[in-house]
Structure formats: C-alpha cells, structure tokens
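Structure file model08.txt (compact mmCIF, C-alpha atoms) is printed below.
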```
# COMPACT_ATOMS: atom_id res chain seq x y z
CA MET A 1 247.69 50.56 259.67
CA GLN A 2 248.49 48.03 256.97
CA ALA A 3 250.67 45.55 258.85
CA ALA A 4 248.57 45.65 262.03
CA GLN A 5 245.39 44.97 260.07
CA GLN A 6 246.99 42.07 258.24
CA LEU A 7 248.32 40.60 261.47
CA ALA A 8 244.89 40.90 263.13
CA GLN A 9 243.22 39.21 260.15
CA ALA A 10 245.84 36.45 260.16
CA LEU A 11 245.23 35.90 263.89
CA GLN A 12 241.49 35.46 263.29
CA ARG A 13 242.18 32.74 260.71
CA GLU A 14 245.06 31.01 262.48
CA MET A 15 244.33 27.78 264.36
CA ARG A 16 247.86 26.64 265.28
CA PRO A 17 248.64 27.63 268.92
CA ALA A 18 252.31 28.44 268.37
CA GLU A 19 251.56 30.63 265.37
CA ARG A 20 248.78 32.43 267.27
CA VAL A 21 251.28 33.28 270.02
CA ARG A 22 253.70 34.68 267.45
CA LEU A 23 250.99 36.85 265.89
CA GLU A 24 249.74 38.07 269.28
CA LEU A 25 253.24 39.15 270.26
CA ARG A 26 253.69 41.06 267.00
CA LEU A 27 250.43 42.89 267.69
CA ALA A 28 251.59 43.58 271.26
CA ALA A 29 254.78 45.13 269.85
CA ILE A 30 252.65 47.47 267.75
CA ALA A 31 250.56 48.37 270.79
CA ALA A 32 253.74 49.24 272.72
CA ARG A 33 254.93 51.52 269.92
CA GLN A 34 251.56 53.27 269.82
CA GLY A 35 251.66 53.99 273.55
CA ARG A 36 249.09 51.33 274.50
CA PHE A 37 251.40 50.03 277.20
CA ASP A 38 248.84 48.31 279.44
CA GLU A 39 247.47 46.37 276.49
CA ALA A 40 250.94 45.25 275.40
CA LEU A 41 251.97 44.15 278.89
CA ALA A 42 248.64 42.39 279.46
CA THR A 43 249.32 40.26 276.39
CA VAL A 44 252.79 39.37 277.68
CA GLN A 45 251.46 38.48 281.13
CA ARG A 46 248.60 36.40 279.71
CA LEU A 47 250.89 34.42 277.43
CA ARG A 48 253.44 33.84 280.20
CA ALA A 49 250.66 32.63 282.51
CA ALA A 50 249.37 30.24 279.85
CA LEU A 51 252.84 28.81 279.35
CA ALA A 52 253.32 28.38 283.09
CA GLU A 53 249.94 26.68 283.44
CA ALA A 54 250.91 24.28 280.68
CA GLY A 55 254.13 23.56 282.56
CA SER A 56 256.32 24.39 279.58
CA SER A 57 259.08 26.87 278.90
CA PRO A 58 258.64 29.04 275.83
CA PRO A 59 260.79 28.35 272.79
CA ALA A 60 263.73 30.74 272.43
CA GLU A 61 262.00 32.73 269.68
CA THR A 62 258.84 33.20 271.77
CA ALA A 63 260.85 34.12 274.87
CA ALA A 64 262.75 36.69 272.82
CA TRP A 65 259.49 38.22 271.58
CA LEU A 66 258.18 38.44 275.16
CA HIS A 67 261.25 40.40 276.25
CA LEU A 68 261.19 42.51 273.07
CA VAL A 69 257.65 43.69 273.82
CA GLU A 70 258.65 44.55 277.40
CA GLY A 71 261.66 46.42 276.08
CA LEU A 72 259.53 48.39 273.63
CA VAL A 73 257.14 49.38 276.42
CA ALA A 74 260.05 50.60 278.56
CA LEU A 75 261.63 52.46 275.64
CA HIS A 76 258.47 54.25 274.55
CA ARG A 77 257.23 54.95 278.07
CA ALA A 78 260.45 56.63 279.26
CA PRO A 79 262.96 56.99 276.40
CA GLU A 80 265.65 58.62 278.55
CA ALA A 81 265.42 56.31 281.55
CA ALA A 82 264.64 52.98 279.88
CA SER A 83 266.95 50.18 280.86
CA PRO A 84 268.57 48.30 277.97
CA GLU A 85 268.16 45.05 279.92
CA PRO A 86 264.86 43.77 278.37
CA LEU A 87 266.10 44.37 274.84
CA ALA A 88 269.49 42.85 275.68
CA ARG A 89 267.71 39.74 277.04
CA ALA A 90 265.62 39.59 273.86
CA GLN A 91 268.79 39.78 271.78
CA ALA A 92 270.52 37.06 273.83
CA LEU A 93 267.54 34.70 273.59
CA ALA A 94 267.11 35.41 269.90
CA ARG A 95 270.65 34.17 269.27
CA LEU A 96 269.29 30.72 270.19
CA ALA A 97 266.85 31.09 267.29
CA PRO A 98 269.19 32.32 264.56
CA GLY A 99 267.74 33.66 261.34
CA THR A 100 264.46 34.75 262.95
CA GLU A 101 263.00 38.21 262.59
CA VAL A 102 263.05 38.82 266.33
CA GLN A 103 266.85 38.45 266.29
CA ALA A 104 267.15 41.30 263.78
CA LEU A 105 264.51 43.43 265.51
CA ALA A 106 266.10 43.05 268.94
CA ALA A 107 269.46 44.24 267.59
CA ALA A 108 267.83 47.14 265.73
CA TRP A 109 265.86 48.38 268.74
CA LEU A 110 268.83 47.96 271.07
CA ALA A 111 270.91 50.07 268.67
CA HIS A 112 268.15 52.70 268.77
CA LEU A 113 268.14 52.73 272.59
CA HIS A 114 271.94 52.97 272.82
CA PHE A 115 271.97 55.88 270.37
CA ASN A 116 269.24 57.80 272.17
CA GLN A 117 271.04 57.38 275.48
CA GLY A 118 274.44 58.41 274.12
CA ARG A 119 276.31 55.08 274.16
CA LEU A 120 277.90 55.64 270.77
CA ALA A 121 280.22 52.64 270.54
CA GLU A 122 277.48 50.24 271.65
CA PHE A 123 275.06 51.85 269.21
CA ALA A 124 277.35 51.46 266.22
CA ALA A 125 278.16 47.84 267.07
CA CYS A 126 274.48 46.92 267.46
CA ALA A 127 273.53 48.83 264.32
CA GLY A 128 276.12 46.94 262.28
CA GLN A 129 274.79 43.63 263.62
CA ALA A 130 271.18 44.59 262.95
CA ARG A 131 271.93 45.58 259.38
CA GLU A 132 273.58 42.23 258.66
CA LEU A 133 270.78 40.26 260.34
CA ALA A 134 268.12 42.15 258.37
CA LEU A 135 269.76 41.42 255.00
CA GLY A 136 269.27 38.18 253.14
CA ALA A 137 271.73 36.37 250.97
CA PRO A 138 273.34 38.52 248.26
CA GLY A 139 270.88 39.10 245.44
CA ALA A 140 267.94 37.71 247.44
CA GLY A 141 266.60 41.03 248.67
CA VAL A 142 266.11 42.09 252.27
CA ARG A 143 265.05 39.31 254.60
CA TRP A 144 263.52 41.40 257.38
CA PRO A 145 262.51 44.86 256.07
CA ALA A 146 261.00 46.04 259.37
CA ALA A 147 264.33 45.52 261.13
CA LEU A 148 266.24 47.16 258.29
CA ALA A 149 263.86 50.14 258.39
CA ARG A 150 264.44 50.62 262.12
CA VAL A 151 268.21 50.41 261.98
CA ALA A 152 268.44 52.51 258.80
CA LEU A 153 266.47 55.31 260.45
CA THR A 154 268.69 55.23 263.52
CA VAL A 155 271.82 55.32 261.35
CA ALA A 156 270.34 58.23 259.35
CA SER A 157 269.66 60.07 262.60
CA ALA A 158 273.21 59.35 263.74
CA TRP A 159 274.69 60.84 260.58
CA MET A 160 272.49 63.90 261.05
CA SER A 161 273.64 64.13 264.66
CA ALA A 162 277.23 63.92 263.44
CA GLY A 163 276.63 66.99 261.28
CA GLU A 164 276.83 64.97 258.05
CA GLY A 165 273.44 65.52 256.47
CA ALA A 166 274.55 64.35 253.03
CA ALA A 167 275.55 60.94 254.41
CA ALA A 168 272.15 60.65 256.12
CA GLN A 169 269.99 61.08 253.03
CA GLY A 170 270.57 57.62 251.55
CA TRP A 171 269.84 56.01 254.91
CA PHE A 172 266.61 58.00 255.25
CA ALA A 173 265.62 56.74 251.79
CA CYS A 174 266.54 53.17 252.77
CA ALA A 175 264.42 53.45 255.93
CA ARG A 176 261.46 54.81 253.99
CA GLU A 177 261.68 52.08 251.33
CA ALA A 178 262.05 49.29 253.88
CA ALA A 179 259.19 50.65 256.01
CA ALA A 180 256.94 50.68 252.95
CA ALA A 181 257.92 47.09 252.12
CA ALA A 182 257.16 46.01 255.70
CA GLY A 183 253.89 47.95 255.87
CA ASP A 184 255.35 49.70 258.91
CA SER A 185 253.36 52.93 259.14
CA LEU A 186 254.77 53.76 262.57
CA LEU A 187 258.29 53.66 261.20
CA MET A 188 257.20 55.77 258.24
CA ALA A 189 255.89 58.31 260.74
CA ALA A 190 259.25 58.24 262.50
CA VAL A 191 261.08 58.90 259.20
CA LEU A 192 258.92 61.97 258.57
CA HIS A 193 259.32 63.14 262.16
CA ASP A 194 263.08 62.74 262.34
CA ARG A 195 263.68 64.55 259.07
CA ALA A 196 261.48 67.43 260.21
CA ALA A 197 262.97 67.53 263.72
CA PHE A 198 266.55 67.54 262.45
CA GLY A 199 265.67 70.34 260.05
CA VAL A 200 264.34 72.41 262.95
CA GLN A 201 267.34 71.54 265.12
CA ARG A 202 269.71 72.69 262.37
CA LEU A 203 267.88 76.02 262.20
CA ARG A 204 267.84 76.32 265.97
CA ILE A 205 271.58 75.75 266.30
CA GLY A 206 272.09 78.27 263.51
CA TRP A 207 269.90 80.73 265.41
CA ALA A 208 271.93 80.11 268.56
CA LEU A 209 275.14 80.81 266.66
CA ALA A 210 273.60 83.76 264.80
CA ALA A 211 274.12 82.04 261.41
CA PRO A 212 272.44 83.91 258.51
CA ALA A 213 270.85 80.73 257.10
CA ALA A 214 268.70 80.34 260.20
CA ALA A 215 266.96 83.62 259.40
CA ALA A 216 266.13 82.66 255.78
CA PRO A 217 262.33 82.70 255.40
CA ASP A 218 262.32 79.88 252.81
CA GLU A 219 264.28 77.60 255.17
CA GLN A 220 261.86 78.35 257.98
CA GLU A 221 258.84 77.73 255.75
CA LEU A 222 260.24 74.39 254.57
CA ALA A 223 260.78 73.36 258.20
CA ARG A 224 257.20 74.34 259.04
CA LEU A 225 255.76 72.36 256.13
CA GLN A 226 257.79 69.27 257.07
CA LEU A 227 256.69 69.58 260.69
CA ASP A 228 253.02 69.91 259.71
CA ALA A 229 253.24 66.88 257.42
CA SER A 230 254.88 64.87 260.18
CA ARG A 231 252.22 65.88 262.73
CA ASN A 232 249.35 64.93 260.42
CA TYR A 233 250.81 61.52 259.63
CA GLU A 234 251.56 60.80 263.28
CA ALA A 235 247.94 61.56 264.18
CA ALA A 236 246.69 59.28 261.41
CA VAL A 237 248.71 56.26 262.60
CA ARG A 238 248.41 57.04 266.34
CA ALA A 239 252.16 57.39 266.90
CA GLN A 240 251.82 58.62 270.48
CA ALA A 241 255.54 58.64 271.33
CA LEU A 242 256.23 60.92 268.38
CA ALA A 243 253.25 63.11 269.19
CA GLU A 244 254.86 63.85 272.57
CA LEU A 245 257.91 65.22 270.73
CA GLN A 246 256.01 67.41 268.28
CA PRO A 247 255.58 70.43 270.61
CA LEU A 248 259.35 70.56 271.24
CA ALA A 249 260.14 71.02 267.55
CA ARG A 250 257.21 73.41 267.18
CA ILE A 251 258.49 75.65 270.00
CA ALA A 252 262.02 75.65 268.60
CA LEU A 253 260.75 76.74 265.19
CA LEU A 254 258.52 79.46 266.66
CA VAL A 255 261.52 80.86 268.53
CA VAL A 256 263.56 80.96 265.32
CA GLN A 257 260.63 82.65 263.57
CA ALA A 258 260.39 85.25 266.38
CA ARG A 259 256.76 84.29 267.02
CA HIS A 260 257.23 84.79 270.72
CA GLU A 261 253.64 84.91 271.99
CA GLU A 262 252.80 81.67 270.19
CA ALA A 263 255.94 80.06 271.53
CA LEU A 264 255.02 81.06 275.08
CA GLY A 265 251.61 79.43 274.73
CA TRP A 266 253.18 76.17 273.57
CA ILE A 267 255.81 76.32 276.33
CA GLU A 268 253.26 76.74 279.10
CA ARG A 269 251.24 73.78 277.79
CA THR A 270 254.28 71.56 277.28
CA LEU A 271 256.46 72.15 280.36
CA PRO A 272 254.15 70.36 282.85
CA ARG A 273 254.12 67.24 280.66
CA LEU A 274 257.88 66.73 280.26
CA GLY A 275 258.39 64.60 283.35
CA GLU A 276 255.40 62.38 282.63
CA ALA A 277 256.56 61.89 279.03
CA GLY A 278 260.13 61.04 280.07
CA LEU A 279 261.50 64.17 278.41
CA ALA A 280 263.11 66.01 281.33
CA ARG A 281 266.19 66.67 279.21
CA TYR A 282 264.27 69.46 277.44
CA ASP A 283 263.20 71.25 280.62
CA ALA A 284 266.10 73.72 280.67
CA GLN A 285 265.70 74.50 276.97
CA LEU A 286 262.00 75.32 277.25
CA ARG A 287 262.64 77.52 280.26
CA ALA A 288 265.44 79.33 278.42
CA ASP A 289 263.08 79.81 275.49
CA ARG A 290 260.46 81.21 277.84
CA LEU A 291 262.98 83.64 279.29
CA TRP A 292 264.04 84.79 275.82
CA CYS A 293 260.45 85.24 274.64
CA HIS A 294 259.63 87.43 277.64
CA VAL A 295 262.74 89.54 277.05
CA ALA A 296 261.99 89.83 273.34
CA LEU A 297 258.48 91.01 274.26
CA HIS A 298 260.00 93.61 276.63
CA ARG A 299 258.94 91.77 279.78
CA PRO A 300 262.33 90.87 281.30
CA ALA A 301 261.07 91.11 284.87
CA ASP A 302 258.87 88.08 284.18
CA ALA A 303 261.83 85.84 283.48
CA LEU A 304 265.36 86.97 284.31
CA ALA A 305 265.19 85.76 287.89
CA GLU A 306 264.90 82.20 286.54
CA GLY A 307 268.34 82.21 284.88
CA ALA A 308 270.23 80.46 287.70
CA ASP A 309 267.50 77.83 288.03
CA ILE A 310 267.71 77.10 284.30
CA GLU A 311 271.43 76.42 284.55
CA ALA A 312 270.82 74.05 287.46
CA ARG A 313 268.31 72.12 285.36
CA LEU A 314 270.97 71.41 282.73
CA VAL A 315 271.95 68.43 284.87
CA HIS A 316 269.15 66.62 282.98
CA THR A 317 270.47 67.70 279.56
CA PRO A 318 273.39 65.51 278.46
CA ASP A 319 273.76 66.41 274.77
CA PRO A 320 276.13 69.29 273.96
CA ASP A 321 273.98 70.61 271.10
CA ASP A 322 271.02 71.04 273.45
CA ARG A 323 273.26 72.59 276.12
CA LEU A 324 274.72 74.93 273.50
CA ILE A 325 271.21 76.12 272.62
CA VAL A 326 270.37 76.79 276.28
CA HIS A 327 273.53 78.81 276.98
CA ALA A 328 273.28 80.75 273.71
CA THR A 329 269.61 81.56 274.39
CA LEU A 330 270.46 82.78 277.88
CA ALA A 331 273.32 84.87 276.48
CA ARG A 332 271.01 86.50 273.96
CA ALA A 333 268.36 87.23 276.59
CA LEU A 334 270.81 88.64 279.11
CA ARG A 335 272.49 90.81 276.48
CA ALA A 336 269.11 92.18 275.36
CA ALA A 337 268.32 92.97 279.01
CA GLY A 338 271.58 94.91 279.39
CA GLN A 339 273.36 92.35 281.58
CA GLU A 340 276.58 92.22 279.57
CA ALA A 341 278.80 90.41 282.08
CA ALA A 342 276.30 87.62 282.62
CA ALA A 343 275.71 87.42 278.87
CA ALA A 344 279.44 87.09 278.21
CA HIS A 345 279.65 84.25 280.74
CA GLN A 346 276.81 82.38 279.01
CA ALA A 347 278.39 82.98 275.60
CA GLN A 348 281.63 81.45 276.89
CA LEU A 349 279.72 78.40 278.14
CA ALA A 350 277.99 78.14 274.76
CA ALA A 351 281.37 78.19 273.01
CA SER A 352 282.58 75.36 275.26
CA GLU A 353 279.51 73.30 274.42
CA GLN A 354 280.02 74.01 270.72
CA ALA A 355 283.54 72.60 270.95
CA ARG A 356 282.23 69.56 272.81
CA MET A 357 279.48 69.13 270.22
CA GLN A 358 282.02 69.07 267.41
CA ALA A 359 284.11 66.51 269.30
CA VAL A 360 281.03 64.29 269.73
CA TRP A 361 280.25 64.68 266.03
CA ALA A 362 283.75 63.52 265.16
CA GLN A 363 283.51 60.55 267.54
CA LEU A 364 280.11 59.54 266.20
CA GLY A 365 281.25 59.78 262.60
CA GLY A 366 284.28 57.68 263.46
CA GLU A 367 282.14 54.97 265.10
CA LEU A 368 279.81 54.85 262.10
CA ARG A 369 282.69 54.45 259.67
CA ALA A 370 284.49 51.90 261.87
CA HIS A 371 281.43 49.64 261.80
CA GLY A 372 280.89 49.94 258.06
CA LEU A 373 277.88 52.24 258.34
CA SER A 374 279.09 54.79 255.83
CA ASP A 375 277.91 52.52 252.98
CA LEU A 376 274.26 51.73 252.33
CA PRO A 377 273.09 48.10 252.45
CA ASP A 378 273.86 46.40 249.14
CA ALA A 379 270.41 44.86 248.72
CA SER A 380 267.06 45.73 247.28
CA VAL A 381 264.03 45.91 249.53
CA THR A 382 261.35 43.46 248.48
CA PRO A 383 257.89 43.24 250.09
CA PRO A 384 257.17 40.10 252.12
CA THR A 385 255.16 37.44 250.31
CA SER A 386 252.50 36.87 252.97
CA ALA A 387 250.64 38.76 255.67
CA GLY A 388 252.30 36.58 258.27
CA ALA A 389 255.71 37.77 257.14
CA ARG A 390 254.88 41.41 257.66
CA SER A 391 255.77 43.10 260.90
CA ASP A 392 255.01 46.50 262.33
CA ALA A 393 257.16 45.70 265.36
```
Would you write out, as structure tokens, the structure that this file holds?
Amino acid sequence: MQAAQQLAQALQREMRPAERVRLELRLAAIAARQGRFDEALATVQRLRAALAEAGSSPPAETAAWLHLVEGLVALHRAPEAASPEPLARAQALARLAPGTEVQALAAAWLAHLHFNQGRLAEFAACAGQARELALGAPGAGVRWPAALARVALTVASAWMSAGEGAAAQGWFACAREAAAAAGDSLLMAAVLHDRAAFGVQRLRIGWALAAPAAAAPDEQELARLQLDASRNYEAAVRAQALAELQPLARIALLVVQARHEEALGWIERTLPRLGEAGLARYDAQLRADRLWCHVALHRPADALAEGADIEARLVHTPDPDDRLIVHATLARALRAAGQEAAAAHQAQLAASEQARMQAVWAQLGGELRAHGLSDLPDASVTPPTSAGARSDA
C-alpha cells in the first residue's frame, strides 16, 4: 500500500513530536479502513493518554484527527448503525484549523455516512462542502486528493443510485484519478467494488422486473469479470469492509445467472455473518433468494414456509430498490409454486416499491443538482510533492 508505506517510513525518520502524532493518526485511519479496529483505537487511546499526562489539550487539528479515526472505526465496523457524531465532532473541530486536510476528509467521510444511511439532503450538503475544501485555488490543482477521491466516489455512487449512470461516469473517473494521486489503494479498491456492485444491482433489478437486458449473457459476463477484478484487488490491499460485501454481489449475480446451487452455497455461508458485519439490511434479500433457488430447483417444500418471516425481516431493509427485489423474488417463487394469489400480492408490493424507488431517484438527483454536484470539479489532480502530504485516510 503506497501511502501507508510512505507514512510508516516518514514516521521512522520524523523526530518532531507534533509531526509524529500527525503521522500516527494517519496510519490509524488506514488501520480503521482495513478493519484493524483495535489497533486504530489503541493509537487514539495512547495519544490521548500522552496528552493528558502532559497536561495539555490537543491542537484543533490533532483533536479532529482523533475523532476522525474514531468515526472511521464506527463507520467500518457497523456501516448501518454507525452514529454520525464522531465524524461531526471531527468536522466541527477541523473548522478551527481551516485549510487542513482533516477538514476536507471529515466532510467527505460524513457525506459518505449520510448517503449510506439515507439522509439525502445532509449528504448532498456535506458532499458540496467536501468538494470545495478538497480543491485548491483555481489553476493550482487539487489540494487534498484523498478527500476529493472519497467525495467523488460517493457522488458517483449517488448518481448511480439515482438511476443516472451516465452522470456517474465522470465522477468515477475523478475518484480513480484522485485516488491514484493520493496513493490511496483502499479508495481505488472501493472504486472497483462500487462499479462492479452497481453493475450487478442494475442486472438484479432488471431480473426482478423481467427486463430482457438482465438475461443478456454478455452483460452477465461483464458483471462477473468486474466482480472478480474487484475481489482480487480488495484481497491485495486488505480492504476488509469491502470483502464483507463481496458475497452479496456474488449471490445476486448467481441468481441472475440461474446458478441456483452455487447461490445456495454462498447464501448459507453468508447469512450467519450479516449481523456481525453490520449488514442486517440484506437478510430478507438473501432469504428470498434462498426461497427462489429452492423453488427453481423443484424443492418448494424446503422454503415456502419462510415467506411470511422474510416479509417481517424487511423492517431492516430501508431502501426501496432492495425491497423491490425482495418482493419481486417472492412473487416469482410463489408463482412458480402455483400460489397465484400470494404471488399477485407480492407483485403489487413490488410495484409500490418501484414507484417509491423512482421517487427517491428523483429526490436524490434533485439534491445533487441543487448542491452543484452535476458538474465535475474544475481542477486537475496533481500528486502531492512529499510523502508527508500523502494520505490513505
């Protein structure tokens, strides 16, 4: 990992106490993003104890970094349940140290958290702030490429979630370029993962709606290749949070490909881990997939009794596109099993979720445009000039 290695080497050479603290916190941020939560929190606790022993309060920039690391641990440990409070504190403290990288990073990560948890207005506002903080003066290039990479990827994902894939492509490219400039291999892994996952999700929604494109073998093969590339890169850079998401996309693609026995194997291995990984929102979908696979394999008795329980589990699934997939999958399974009335009911629920999904898409697109996020940043990404300027946070 380029940036992490450079930061570690810089820490070995650095003799100034304040600069050593800054480098240690950057490395702790990387540890948090790799899933090494105990290591990241131990660094925060050790540095706080040292400051307390010295009888001094940390400078605003250092305090912001301390809260940023805690926020990254919370976000990557339980993405659905993470409180925005640590990142909001980091952002508030960073305002007392204007122009610093942590100010841009705190806004970028807070935008990411708001988006993942469905707070669309807050997401767009934070994303607009993060973009401006990451940019330098006109013509000077990007000031903080790691922050720009993070916010650009979140904006790209938002455009994809709004059903506007064409608008997302430039933001994906911006994220990739900025991540390369920052030496941020974890963010590069996230770019690969998100593009692959959105490709699979598009096929899966098409499958749910019986769209012909979802059945196209070349589309399915492209999705598989992208997913494999993403998995290999994630393993290479130890992106543990992304690795937890890989089986979900894999199962969805196997269902679309009608590879039911393989899908069942993945489902049985993945279901017990959802709660621990903070991914309970996918519980109903995996169970609906399991039901469909059993029906498709002419084993309906193994699964149909679970239908009511699956619906009850949708309480953990807030997004209408995921709920649409669950209801449409249940409708398909029930219809194949000869339960037409129940299938019609599920199809009606799927249609309601489709309408809600389109309304959310419209709202999200409106928020992005209102905060100026339809246009790409008007700046070139230039690599930092020293190892100390790089950040994988």
Spatial neighbours of region 110-122 of chain A, 9 Å, all atoms listed in the file, chain gap at least 4 places, as a compact mmCIF listing (two decimals) with C-alpha atoms, in the frame of the given file:
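After the write, result33.txt holds the following:
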```txt
# COMPACT_ATOMS: atom_id res chain seq x y z
CA GLY A 71 261.66 46.42 276.08
CA LEU A 75 261.63 52.46 275.64
CA PRO A 79 262.96 56.99 276.40
CA GLU A 80 265.65 58.62 278.55
CA ALA A 81 265.42 56.31 281.55
CA ALA A 82 264.64 52.98 279.88
CA SER A 83 266.95 50.18 280.86
CA PRO A 84 268.57 48.30 277.97
CA LEU A 87 266.10 44.37 274.84
CA ALA A 88 269.49 42.85 275.68
CA GLN A 91 268.79 39.78 271.78
CA LEU A 105 264.51 43.43 265.51
CA ALA A 106 266.10 43.05 268.94
CA CYS A 126 274.48 46.92 267.46
CA ALA A 127 273.53 48.83 264.32
CA GLY A 128 276.12 46.94 262.28
CA ALA A 130 271.18 44.59 262.95
CA ARG A 150 264.44 50.62 262.12
CA VAL A 151 268.21 50.41 261.98
CA LEU A 153 266.47 55.31 260.45
CA THR A 154 268.69 55.23 263.52
CA VAL A 155 271.82 55.32 261.35
CA ALA A 158 273.21 59.35 263.74
CA PRO A 318 273.39 65.51 278.46
CA ASP A 319 273.76 66.41 274.77
CA GLN A 363 283.51 60.55 267.54
CA LEU A 364 280.11 59.54 266.20
CA GLU A 367 282.14 54.97 265.10
CA LEU A 368 279.81 54.85 262.10
```
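If you count all atoms listed in the file and ignore residues fewer than 3 places along the chain from region 285-302 of chain A, what sits within 7 Å of it is His260, Leu264, Ile267, Tyr282, Ile310, Val326, Thr329, Leu330, Ala333 and Ala337 of chain A.
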Please measure the separation of CA of Ala74 (chain A) and CA of Ala189 (chain A), giving the value in Å to one decimal.
19.9 Å
Shell around Leu279 (chain A) at 12 Å using all atoms listed in the file, local window under 4 positions removed, as a list in words:
His76, Arg77, Ala78, Pro79, Glu80, Ala81, Ala82, Asn116, Ala241, Leu242, Glu244, Leu245, Gln246, Pro247, Leu248, Thr270, Leu271, Pro272, Arg273, Leu274, Gly275, Asp283, Ala284, Gln285, Leu286, His316, Thr317 and Pro318 of chain A
For Ala235 (chain A), which residue out of A:Ile325, A:Val21, A:Ala190, A:Val142 is the nearest one, using all atoms listed in the file?
A:Ala190
Within 10 Å of Gln201 (chain A) using only C-alpha atoms, minus same-chain residues under 6 positions, as a PyMOL selection string
chain A and resi 161+195+207+223+249+252-253+321-322+325
Just want the 9 Å neighbourhood of Arg224 (chain A), counted on only C-alpha atoms, with same-chain residues fewer than 6 positions away dropped. Output as number ranges by chain.
A: 196, 200, 250, 253
